[in-house]
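These notes are about the structure you will find just below.
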Amino acid sequence: YYASVLFQFDEFKSNYVPDIENAIGFDYATEGLYVDGQGNKGSNHKYYRESHEKLAKAQRKLSRKIGSKKTEEKSSNYLKQLKKVSRIHSHIANQRKDNLHKLSTDIVQRFDTICLEDLNITGMTQNHNLAQAINSVAWNEFIRQLKYKSEWYGKNVVLIGRFEPSSKKCSVCGYVNKELTLNDREWICPECGEHHDRDINAAMNILLEGERIIGVRSTEYTLMENPTVDDRGFTS
């Protein structure tokens with residue numbers, strides 16, 4: 001049985017004045033959803049992988065039912081098994097969404113300004129080796145939840161440009177390491193000698209850029225008087 005309820009209410013506007021210095025930056029991560037500037041990670045659940053064996057077994061049963069072929073009429077047993085497969089898919093999706101709701105609510109309640117990357121997820125999934133892991137993370141849904149919950153609480157969500165070299169840029173002096181590859185998880189800045197964890201450094205750069213966008217930070221770096229690298233053409 002289903003119950004449908006329709007209601008209407010006036011648009012709610014929060015009177016909360018956000019503290020723009022209470023800010024956090026998040027770098028996208030296929031393992032754990034995100035990494036912040038302190039090295040904290042989100043949930044590392046892989047719900048699809050956890051239910052993969054059960055789902056595969058149900059799909060194999062479905063493929064043996066009369067009606068699995070296009071030329072066959074769908075039998076009652078086929079339709080019953082199809083519902084079982086659909087329930088498993090729904091269970092996985094609900095687990096993922098529930099986890100995202102818990103994470104996004106906690107973040108919005110603790111921070112007033114949330115800085116993230118505006119990633120081209122569709123383009124990233126063209127890499128078939130990473131597509132399953134990327135889709136399982138559901139980054140776009142995570143951003144969507146952060147946005148509308150931030151409006152509820154009167155908080156800010158800042159999306160930085162997808163071409164900002166957050167991973168390649170030193171968060172201390174601003175030097176851009178053009179030689180950095182995806183396999184390099186740690187690196188030392190040749191300009192200032194700072195040792196970086198790739199993901200943590202990216203999260204710090206995302207925070208710096210977000211603060212620059214909202215006007216908290218007028219200049220990004222102080223150690224590098226004359227930057228010589230044009231970073232506009234590099235991606236993270």
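Letters A, B, ... go to the chains of the structure tokens in the order shown; residues in each chain start at 1; ligands are counted from 1 in the same order.
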
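Residues in contact with Gln81 of chain A at 8 Å, where only C-alpha atoms are counted and same-chain residues fewer than 4 positions away are skipped, are listed as Ala58, Lys61, Leu62, Asn77 and Val85 of chain A.
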
Tell me, which residues of segment 32-157 of chain A carry DSSP helix (DSSP H, G or I), written as a VMD selection string? chain A and resid 47 to 50 52 to 63 76 to 110 121 to 124 131 to 137 139 to 153

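For the residues A:Ala23, A:Val157, A:Cys173, A:Ala131, ranking by smallest atom-to-atom distance to Val216 of chain A using only C-alpha atoms places A:Ala23 first.
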
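Considering only C-alpha atoms, the residue among A:Ile20, A:Leu146, A:Leu180, A:Val172 positioned nearest to Ile107 of chain A is A:Leu146.
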
Please identify all polymer residues within 9 Å of segment 43-51 of chain A, counting only C-alpha atoms, omitting same-chain residues fewer than 5 positions from it, and present them as a PyMOL selection string. chain A and resi 30-34+56+88-89+92-93+95-96+99-100+103+132-133+136-137

Can those selected residues be exported to a file as a CSV table (one decimal), in the first residue's frame so that it contains all heavy atoms?
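Contents of the output file out11.csv:
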chain,number,residue,atom,x,y,z
A,30,THR,N,37.9,8.3,-4.8
A,30,THR,CA,37.1,7.1,-5.0
A,30,THR,C,37.1,6.1,-3.8
A,30,THR,O,36.2,5.3,-3.6
A,30,THR,CB,37.7,6.3,-6.2
A,30,THR,OG1,39.1,6.1,-6.0
A,30,THR,CG2,37.6,7.1,-7.5
A,31,GLU,N,38.2,6.2,-3.0
A,31,GLU,CA,38.2,5.5,-1.7
A,31,GLU,C,37.8,6.4,-0.6
A,31,GLU,O,38.6,7.1,0.0
A,31,GLU,CB,39.6,4.9,-1.5
A,31,GLU,CG,40.1,3.9,-2.5
A,31,GLU,CD,39.3,2.6,-2.4
A,31,GLU,OE1,38.8,2.3,-1.3
A,31,GLU,OE2,39.2,1.9,-3.4
A,32,GLY,N,36.5,6.3,-0.2
A,32,GLY,CA,36.1,7.1,0.9
A,32,GLY,C,35.3,8.4,0.6
A,32,GLY,O,35.0,9.2,1.5
A,33,LEU,N,35.0,8.6,-0.7
A,33,LEU,CA,34.3,9.7,-1.1
A,33,LEU,C,35.0,11.1,-1.2
A,33,LEU,O,35.1,11.8,-2.2
A,33,LEU,CB,33.0,9.9,-0.3
A,33,LEU,CG,32.0,11.0,-0.7
A,33,LEU,CD1,31.5,10.8,-2.1
A,33,LEU,CD2,30.9,11.2,0.3
A,34,TYR,N,35.7,11.4,0.0
A,34,TYR,CA,36.4,12.7,0.0
A,34,TYR,C,37.6,12.6,1.0
A,34,TYR,O,37.6,11.7,1.9
A,34,TYR,CB,35.5,13.8,0.4
A,34,TYR,CG,34.9,13.7,1.8
A,34,TYR,CD1,35.7,14.0,2.9
A,34,TYR,CD2,33.6,13.3,2.0
A,34,TYR,CE1,35.1,13.8,4.2
A,34,TYR,CE2,33.0,13.2,3.3
A,34,TYR,CZ,33.8,13.4,4.4
A,34,TYR,OH,33.3,13.3,5.6
A,56,ALA,N,24.7,-10.8,-8.7
A,56,ALA,CA,25.0,-11.7,-9.8
A,56,ALA,C,24.3,-13.0,-9.8
A,56,ALA,O,23.9,-13.5,-10.9
A,56,ALA,CB,26.5,-11.9,-9.8
A,88,ILE,N,17.2,-5.7,-5.1
A,88,ILE,CA,18.6,-5.7,-4.7
A,88,ILE,C,19.3,-4.3,-5.2
A,88,ILE,O,20.0,-3.7,-4.5
A,88,ILE,CB,19.4,-6.9,-5.3
A,88,ILE,CG1,18.9,-8.2,-4.8
A,88,ILE,CG2,20.9,-6.7,-5.1
A,88,ILE,CD1,19.5,-9.4,-5.4
A,89,HIS,N,18.9,-3.9,-6.4
A,89,HIS,CA,19.4,-2.7,-6.9
A,89,HIS,C,18.9,-1.5,-6.1
A,89,HIS,O,19.7,-0.6,-5.7
A,89,HIS,CB,19.0,-2.4,-8.4
A,89,HIS,CG,19.8,-3.1,-9.4
A,89,HIS,ND1,21.1,-2.8,-9.6
A,89,HIS,CD2,19.5,-4.1,-10.3
A,89,HIS,CE1,21.6,-3.6,-10.6
A,89,HIS,NE2,20.7,-4.4,-11.0
A,92,ILE,N,20.8,-1.4,-2.7
A,92,ILE,CA,22.2,-0.8,-2.9
A,92,ILE,C,22.1,0.7,-3.0
A,92,ILE,O,22.8,1.5,-2.3
A,92,ILE,CB,22.9,-1.3,-4.1
A,92,ILE,CG1,23.1,-2.8,-4.0
A,92,ILE,CG2,24.2,-0.6,-4.4
A,92,ILE,CD1,23.6,-3.5,-5.2
A,93,ALA,N,21.1,1.2,-3.8
A,93,ALA,CA,20.9,2.7,-4.0
A,93,ALA,C,20.5,3.3,-2.7
A,93,ALA,O,21.0,4.4,-2.3
A,93,ALA,CB,19.9,2.9,-5.1
A,95,GLN,N,21.1,2.2,0.4
A,95,GLN,CA,22.3,2.2,1.3
A,95,GLN,C,23.2,3.4,1.0
A,95,GLN,O,23.7,4.1,1.9
A,95,GLN,CB,23.1,0.9,1.2
A,95,GLN,CG,22.5,-0.3,1.9
A,95,GLN,CD,23.3,-1.5,1.7
A,95,GLN,OE1,23.7,-1.9,0.6
A,95,GLN,NE2,23.7,-2.1,2.8
A,96,ARG,N,23.5,3.6,-0.3
A,96,ARG,CA,24.4,4.7,-0.7
A,96,ARG,C,23.8,6.0,-0.3
A,96,ARG,O,24.5,6.9,0.2
A,96,ARG,CB,24.7,4.6,-2.2
A,96,ARG,CG,25.7,5.6,-2.7
A,96,ARG,CD,25.8,5.5,-4.2
A,96,ARG,NE,26.3,4.2,-4.6
A,96,ARG,CZ,25.7,3.3,-5.4
A,96,ARG,NH1,24.5,3.7,-6.0
A,96,ARG,NH2,26.2,2.2,-5.8
A,99,ASN,N,23.9,6.8,3.4
A,99,ASN,CA,25.2,7.1,3.9
A,99,ASN,C,25.6,8.6,3.5
A,99,ASN,O,26.1,9.3,4.3
A,99,ASN,CB,26.3,6.2,3.2
A,99,ASN,CG,27.7,6.5,3.7
A,99,ASN,OD1,28.0,6.5,4.8
A,99,ASN,ND2,28.5,6.8,2.7
A,100,LEU,N,25.2,9.0,2.3
A,100,LEU,CA,25.4,10.3,1.8
A,100,LEU,C,24.7,11.4,2.7
A,100,LEU,O,25.2,12.4,3.0
A,100,LEU,CB,25.1,10.5,0.4
A,100,LEU,CG,25.9,9.8,-0.6
A,100,LEU,CD1,25.4,9.9,-2.1
A,100,LEU,CD2,27.4,10.2,-0.6
A,103,LEU,N,26.5,11.8,6.0
A,103,LEU,CA,27.8,12.5,5.9
A,103,LEU,C,27.5,14.0,5.6
A,103,LEU,O,28.1,14.9,6.2
A,103,LEU,CB,28.6,11.9,4.7
A,103,LEU,CG,29.2,10.5,5.0
A,103,LEU,CD1,29.9,10.0,3.7
A,103,LEU,CD2,30.3,10.6,6.1
A,132,GLN,N,33.1,2.1,-12.5
A,132,GLN,CA,32.3,1.5,-11.4
A,132,GLN,C,32.6,2.1,-10.1
A,132,GLN,O,31.7,2.4,-9.3
A,132,GLN,CB,32.6,0.0,-11.3
A,132,GLN,CG,31.8,-0.7,-10.2
A,132,GLN,CD,32.1,-2.2,-10.2
A,132,GLN,OE1,32.0,-2.9,-11.2
A,132,GLN,NE2,32.3,-2.8,-9.0
A,133,ALA,N,33.9,2.4,-9.8
A,133,ALA,CA,34.2,3.0,-8.5
A,133,ALA,C,33.7,4.4,-8.4
A,133,ALA,O,33.2,4.9,-7.4
A,133,ALA,CB,35.8,3.0,-8.3
A,136,SER,N,29.9,4.4,-8.0
A,136,SER,CA,29.6,3.9,-6.6
A,136,SER,C,29.7,5.0,-5.6
A,136,SER,O,29.0,5.0,-4.6
A,136,SER,CB,30.5,2.7,-6.3
A,136,SER,OG,30.2,2.2,-5.0
A,137,VAL,N,30.6,6.0,-5.8
A,137,VAL,CA,30.8,7.1,-4.9
A,137,VAL,C,29.7,8.1,-4.9
A,137,VAL,O,29.3,8.6,-3.9
A,137,VAL,CB,32.1,7.8,-5.2
A,137,VAL,CG1,32.2,9.1,-4.4
A,137,VAL,CG2,33.3,6.9,-4.8

Could you pull out all residues of segment 24-213 of chain A with a DSSP call of strand (DSSP E or B) and give them as a PyMOL selection string? chain A and resi 24-29+33-36+41+113-117+156-160+169+176+186-188+195-197

Mind checking which residues fall within 12 Å of Thr105 of chain A, counting only C-alpha atoms, ignoring those fewer than 5 positions away in the same chain, and posting them as a PDB file with all heavy atoms, in the first residue's frame?
ATOM      1  N   ASP A  98      21.527   6.777   1.948  1.00  0.00           N
ATOM      2  CA  ASP A  98      21.471   6.945   3.400  1.00  0.00           C
ATOM      3  C   ASP A  98      22.827   7.373   3.945  1.00  0.00           C
ATOM      4  O   ASP A  98      22.916   8.273   4.794  1.00  0.00           O
ATOM      5  CB  ASP A  98      21.040   5.635   4.058  1.00  0.00           C
ATOM      6  CG  ASP A  98      21.035   5.721   5.579  1.00  0.00           C
ATOM      7  OD1 ASP A  98      20.190   6.453   6.125  1.00  0.00           O
ATOM      8  OD2 ASP A  98      21.878   5.061   6.211  1.00  0.00           O
ATOM      9  N   ASN A  99      23.895   6.766   3.440  1.00  0.00           N
ATOM     10  CA  ASN A  99      25.245   7.131   3.869  1.00  0.00           C
ATOM     11  C   ASN A  99      25.572   8.575   3.493  1.00  0.00           C
ATOM     12  O   ASN A  99      26.143   9.328   4.291  1.00  0.00           O
ATOM     13  CB  ASN A  99      26.258   6.183   3.240  1.00  0.00           C
ATOM     14  CG  ASN A  99      27.683   6.493   3.656  1.00  0.00           C
ATOM     15  OD1 ASN A  99      28.012   6.494   4.838  1.00  0.00           O
ATOM     16  ND2 ASN A  99      28.536   6.760   2.681  1.00  0.00           N
ATOM     17  N   LEU A 100      25.190   8.979   2.284  1.00  0.00           N
ATOM     18  CA  LEU A 100      25.440  10.348   1.838  1.00  0.00           C
ATOM     19  C   LEU A 100      24.666  11.352   2.683  1.00  0.00           C
ATOM     20  O   LEU A 100      25.169  12.436   2.990  1.00  0.00           O
ATOM     21  CB  LEU A 100      25.061  10.494   0.367  1.00  0.00           C
ATOM     22  CG  LEU A 100      25.936   9.752  -0.648  1.00  0.00           C
ATOM     23  CD1 LEU A 100      25.381   9.923  -2.055  1.00  0.00           C
ATOM     24  CD2 LEU A 100      27.374  10.223  -0.579  1.00  0.00           C
ATOM     25  N   ARG A 110      28.523  21.178  10.973  1.00  0.00           N
ATOM     26  CA  ARG A 110      29.796  21.525  11.618  1.00  0.00           C
ATOM     27  C   ARG A 110      30.517  22.684  10.949  1.00  0.00           C
ATOM     28  O   ARG A 110      31.290  23.389  11.593  1.00  0.00           O
ATOM     29  CB  ARG A 110      30.715  20.296  11.626  1.00  0.00           C
ATOM     30  CG  ARG A 110      30.281  19.222  12.595  1.00  0.00           C
ATOM     31  CD  ARG A 110      31.356  18.170  12.803  1.00  0.00           C
ATOM     32  NE  ARG A 110      31.631  17.422  11.589  1.00  0.00           N
ATOM     33  CZ  ARG A 110      32.830  17.299  11.024  1.00  0.00           C
ATOM     34  NH1 ARG A 110      33.873  17.918  11.552  1.00  0.00           N
ATOM     35  NH2 ARG A 110      32.990  16.581   9.929  1.00  0.00           N
ATOM     36  N   PHE A 111      30.281  22.896   9.642  1.00  0.00           N
ATOM     37  CA  PHE A 111      31.032  23.929   8.918  1.00  0.00           C
ATOM     38  C   PHE A 111      30.083  24.923   8.261  1.00  0.00           C
ATOM     39  O   PHE A 111      28.981  24.570   7.837  1.00  0.00           O
ATOM     40  CB  PHE A 111      31.939  23.291   7.856  1.00  0.00           C
ATOM     41  CG  PHE A 111      32.959  22.347   8.429  1.00  0.00           C
ATOM     42  CD1 PHE A 111      32.761  20.978   8.388  1.00  0.00           C
ATOM     43  CD2 PHE A 111      34.111  22.830   9.026  1.00  0.00           C
ATOM     44  CE1 PHE A 111      33.698  20.101   8.915  1.00  0.00           C
ATOM     45  CE2 PHE A 111      35.050  21.974   9.557  1.00  0.00           C
ATOM     46  CZ  PHE A 111      34.845  20.598   9.509  1.00  0.00           C
ATOM     47  N   PHE A 142      26.178  13.741  -3.711  1.00  0.00           N
ATOM     48  CA  PHE A 142      26.755  14.298  -2.486  1.00  0.00           C
ATOM     49  C   PHE A 142      26.738  15.826  -2.533  1.00  0.00           C
ATOM     50  O   PHE A 142      26.332  16.489  -1.572  1.00  0.00           O
ATOM     51  CB  PHE A 142      28.180  13.779  -2.334  1.00  0.00           C
ATOM     52  CG  PHE A 142      28.915  14.284  -1.119  1.00  0.00           C
ATOM     53  CD1 PHE A 142      28.415  14.073   0.154  1.00  0.00           C
ATOM     54  CD2 PHE A 142      30.119  14.959  -1.257  1.00  0.00           C
ATOM     55  CE1 PHE A 142      29.098  14.526   1.282  1.00  0.00           C
ATOM     56  CE2 PHE A 142      30.815  15.413  -0.147  1.00  0.00           C
ATOM     57  CZ  PHE A 142      30.296  15.200   1.124  1.00  0.00           C
ATOM     58  N   ILE A 143      27.142  16.405  -3.666  1.00  0.00           N
ATOM     59  CA  ILE A 143      27.134  17.857  -3.820  1.00  0.00           C
ATOM     60  C   ILE A 143      25.700  18.395  -3.775  1.00  0.00           C
ATOM     61  O   ILE A 143      25.426  19.430  -3.160  1.00  0.00           O
ATOM     62  CB  ILE A 143      27.825  18.265  -5.139  1.00  0.00           C
ATOM     63  CG1 ILE A 143      29.322  17.945  -5.066  1.00  0.00           C
ATOM     64  CG2 ILE A 143      27.615  19.746  -5.428  1.00  0.00           C
ATOM     65  CD1 ILE A 143      30.078  18.299  -6.321  1.00  0.00           C
ATOM     66  N   ARG A 144      24.770  17.692  -4.424  1.00  0.00           N
ATOM     67  CA  ARG A 144      23.372  18.127  -4.431  1.00  0.00           C
ATOM     68  C   ARG A 144      22.817  18.211  -3.011  1.00  0.00           C
ATOM     69  O   ARG A 144      22.148  19.195  -2.646  1.00  0.00           O
ATOM     70  CB  ARG A 144      22.528  17.154  -5.261  1.00  0.00           C
ATOM     71  CG  ARG A 144      21.082  17.593  -5.461  1.00  0.00           C
ATOM     72  CD  ARG A 144      20.268  16.499  -6.108  1.00  0.00           C
ATOM     73  NE  ARG A 144      19.992  15.414  -5.167  1.00  0.00           N
ATOM     74  CZ  ARG A 144      18.988  15.423  -4.285  1.00  0.00           C
ATOM     75  NH1 ARG A 144      18.165  16.464  -4.211  1.00  0.00           N
ATOM     76  NH2 ARG A 144      18.793  14.407  -3.467  1.00  0.00           N
ATOM     77  N   GLN A 145      23.112  17.203  -2.206  1.00  0.00           N
ATOM     78  CA  GLN A 145      22.631  17.201  -0.827  1.00  0.00           C
ATOM     79  C   GLN A 145      23.272  18.320  -0.014  1.00  0.00           C
ATOM     80  O   GLN A 145      22.598  18.991   0.784  1.00  0.00           O
ATOM     81  CB  GLN A 145      22.904  15.845  -0.179  1.00  0.00           C
ATOM     82  CG  GLN A 145      22.079  14.706  -0.750  1.00  0.00           C
ATOM     83  CD  GLN A 145      22.312  13.399  -0.035  1.00  0.00           C
ATOM     84  OE1 GLN A 145      22.932  13.364   1.035  1.00  0.00           O
ATOM     85  NE2 GLN A 145      21.831  12.307  -0.587  1.00  0.00           N
ATOM     86  N   LEU A 146      24.567  18.538  -0.214  1.00  0.00           N
ATOM     87  CA  LEU A 146      25.237  19.621   0.508  1.00  0.00           C
ATOM     88  C   LEU A 146      24.639  20.979   0.146  1.00  0.00           C
ATOM     89  O   LEU A 146      24.468  21.846   1.018  1.00  0.00           O
ATOM     90  CB  LEU A 146      26.731  19.608   0.193  1.00  0.00           C
ATOM     91  CG  LEU A 146      27.579  18.505   0.820  1.00  0.00           C
ATOM     92  CD1 LEU A 146      28.996  18.564   0.280  1.00  0.00           C
ATOM     93  CD2 LEU A 146      27.587  18.619   2.340  1.00  0.00           C
ATOM     94  N   LYS A 147      24.285  21.169  -1.102  1.00  0.00           N
ATOM     95  CA  LYS A 147      23.752  22.451  -1.552  1.00  0.00           C
ATOM     96  C   LYS A 147      22.416  22.778  -0.893  1.00  0.00           C
ATOM     97  O   LYS A 147      22.240  23.852  -0.310  1.00  0.00           O
ATOM     98  CB  LYS A 147      23.601  22.452  -3.079  1.00  0.00           C
ATOM     99  CG  LYS A 147      24.895  22.667  -3.839  1.00  0.00           C
ATOM    100  CD  LYS A 147      24.612  22.715  -5.331  1.00  0.00           C
ATOM    101  CE  LYS A 147      25.862  23.056  -6.126  1.00  0.00           C
ATOM    102  NZ  LYS A 147      25.597  23.102  -7.586  1.00  0.00           N
ATOM    103  N   TYR A 148      21.465  21.838  -0.974  1.00  0.00           N
ATOM    104  CA  TYR A 148      20.142  22.189  -0.450  1.00  0.00           C
ATOM    105  C   TYR A 148      20.117  22.205   1.079  1.00  0.00           C
ATOM    106  O   TYR A 148      19.377  22.988   1.688  1.00  0.00           O
ATOM    107  CB  TYR A 148      19.047  21.296  -1.036  1.00  0.00           C
ATOM    108  CG  TYR A 148      18.901  19.906  -0.461  1.00  0.00           C
ATOM    109  CD1 TYR A 148      18.317  19.693   0.788  1.00  0.00           C
ATOM    110  CD2 TYR A 148      19.280  18.785  -1.204  1.00  0.00           C
ATOM    111  CE1 TYR A 148      18.150  18.421   1.302  1.00  0.00           C
ATOM    112  CE2 TYR A 148      19.117  17.507  -0.701  1.00  0.00           C
ATOM    113  CZ  TYR A 148      18.546  17.323   0.547  1.00  0.00           C
ATOM    114  OH  TYR A 148      18.376  16.055   1.051  1.00  0.00           O
ATOM    115  N   LYS A 149      20.950  21.397   1.718  1.00  0.00           N
ATOM    116  CA  LYS A 149      21.012  21.433   3.180  1.00  0.00           C
ATOM    117  C   LYS A 149      21.703  22.704   3.662  1.00  0.00           C
ATOM    118  O   LYS A 149      21.347  23.255   4.713  1.00  0.00           O
ATOM    119  CB  LYS A 149      21.729  20.188   3.705  1.00  0.00           C
ATOM    120  CG  LYS A 149      20.922  18.905   3.513  1.00  0.00           C
ATOM    121  CD  LYS A 149      21.663  17.673   3.989  1.00  0.00           C
ATOM    122  CE  LYS A 149      20.849  16.418   3.697  1.00  0.00           C
ATOM    123  NZ  LYS A 149      21.524  15.184   4.140  1.00  0.00           N
ATOM    124  N   SER A 150      22.676  23.174   2.883  1.00  0.00           N
ATOM    125  CA  SER A 150      23.335  24.436   3.235  1.00  0.00           C
ATOM    126  C   SER A 150      22.352  25.598   3.157  1.00  0.00           C
ATOM    127  O   SER A 150      22.409  26.528   3.971  1.00  0.00           O
ATOM    128  CB  SER A 150      24.518  24.685   2.294  1.00  0.00           C
ATOM    129  OG  SER A 150      25.532  23.725   2.495  1.00  0.00           O
ATOM    130  N   GLU A 151      21.439  25.566   2.196  1.00  0.00           N
ATOM    131  CA  GLU A 151      20.412  26.603   2.100  1.00  0.00           C
ATOM    132  C   GLU A 151      19.496  26.553   3.316  1.00  0.00           C
ATOM    133  O   GLU A 151      19.084  27.596   3.843  1.00  0.00           O
ATOM    134  CB  GLU A 151      19.604  26.411   0.815  1.00  0.00           C
ATOM    135  CG  GLU A 151      20.395  26.716  -0.456  1.00  0.00           C
ATOM    136  CD  GLU A 151      19.551  26.551  -1.704  1.00  0.00           C
ATOM    137  OE1 GLU A 151      18.335  26.256  -1.569  1.00  0.00           O
ATOM    138  OE2 GLU A 151      20.090  26.714  -2.805  1.00  0.00           O
ATOM    139  N   TRP A 152      19.159  25.358   3.759  1.00  0.00           N
ATOM    140  CA  TRP A 152      18.318  25.225   4.953  1.00  0.00           C
ATOM    141  C   TRP A 152      18.966  25.871   6.169  1.00  0.00           C
ATOM    142  O   TRP A 152      18.307  26.568   6.935  1.00  0.00           O
ATOM    143  CB  TRP A 152      18.073  23.749   5.269  1.00  0.00           C
ATOM    144  CG  TRP A 152      17.149  23.033   4.337  1.00  0.00           C
ATOM    145  CD1 TRP A 152      16.395  23.572   3.326  1.00  0.00           C
ATOM    146  CD2 TRP A 152      16.853  21.630   4.337  1.00  0.00           C
ATOM    147  NE1 TRP A 152      15.676  22.599   2.683  1.00  0.00           N
ATOM    148  CE2 TRP A 152      15.929  21.392   3.288  1.00  0.00           C
ATOM    149  CE3 TRP A 152      17.282  20.556   5.107  1.00  0.00           C
ATOM    150  CZ2 TRP A 152      15.431  20.123   3.009  1.00  0.00           C
ATOM    151  CZ3 TRP A 152      16.787  19.293   4.831  1.00  0.00           C
ATOM    152  CH2 TRP A 152      15.874  19.083   3.795  1.00  0.00           C
ATOM    153  N   TYR A 153      20.262  25.621   6.340  1.00  0.00           N
ATOM    154  CA  TYR A 153      20.975  26.065   7.541  1.00  0.00           C
ATOM    155  C   TYR A 153      21.616  27.449   7.381  1.00  0.00           C
ATOM    156  O   TYR A 153      22.244  27.951   8.308  1.00  0.00           O
ATOM    157  CB  TYR A 153      22.056  25.056   7.912  1.00  0.00           C
ATOM    158  CG  TYR A 153      21.539  23.753   8.477  1.00  0.00           C
ATOM    159  CD1 TYR A 153      21.294  22.670   7.651  1.00  0.00           C
ATOM    160  CD2 TYR A 153      21.297  23.607   9.837  1.00  0.00           C
ATOM    161  CE1 TYR A 153      20.810  21.462   8.160  1.00  0.00           C
ATOM    162  CE2 TYR A 153      20.825  22.409  10.362  1.00  0.00           C
ATOM    163  CZ  TYR A 153      20.582  21.336   9.508  1.00  0.00           C
ATOM    164  OH  TYR A 153      20.106  20.146  10.012  1.00  0.00           O
ATOM    165  N   LYS A 155      24.119  28.151   5.286  1.00  0.00           N
ATOM    166  CA  LYS A 155      25.556  27.951   5.088  1.00  0.00           C
ATOM    167  C   LYS A 155      25.934  28.190   3.612  1.00  0.00           C
ATOM    168  O   LYS A 155      25.072  28.458   2.770  1.00  0.00           O
ATOM    169  CB  LYS A 155      25.957  26.530   5.507  1.00  0.00           C
ATOM    170  CG  LYS A 155      25.503  26.130   6.917  1.00  0.00           C
ATOM    171  CD  LYS A 155      26.164  26.955   7.989  1.00  0.00           C
ATOM    172  CE  LYS A 155      25.773  26.490   9.394  1.00  0.00           C
ATOM    173  NZ  LYS A 155      26.377  25.219   9.777  1.00  0.00           N
TER     174      LYS A 155
END

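Nearest residue to Gln38 of chain A among A:Ile214, A:Ala203, A:Leu208, A:Val158 is A:Ala203, counting only C-alpha atoms.
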
Excluding same-chain residues fewer than 4 positions from Ile121 of chain A, what lies within 10 Å of it counting only C-alpha atoms, as a ChimeraX atom specification? /A:125-126,131,134-135,138-140

To one decimal place, how far is atom CA of Gly193 of chain A from atom CA of Ile206 of chain A in Å? 20.5 Å
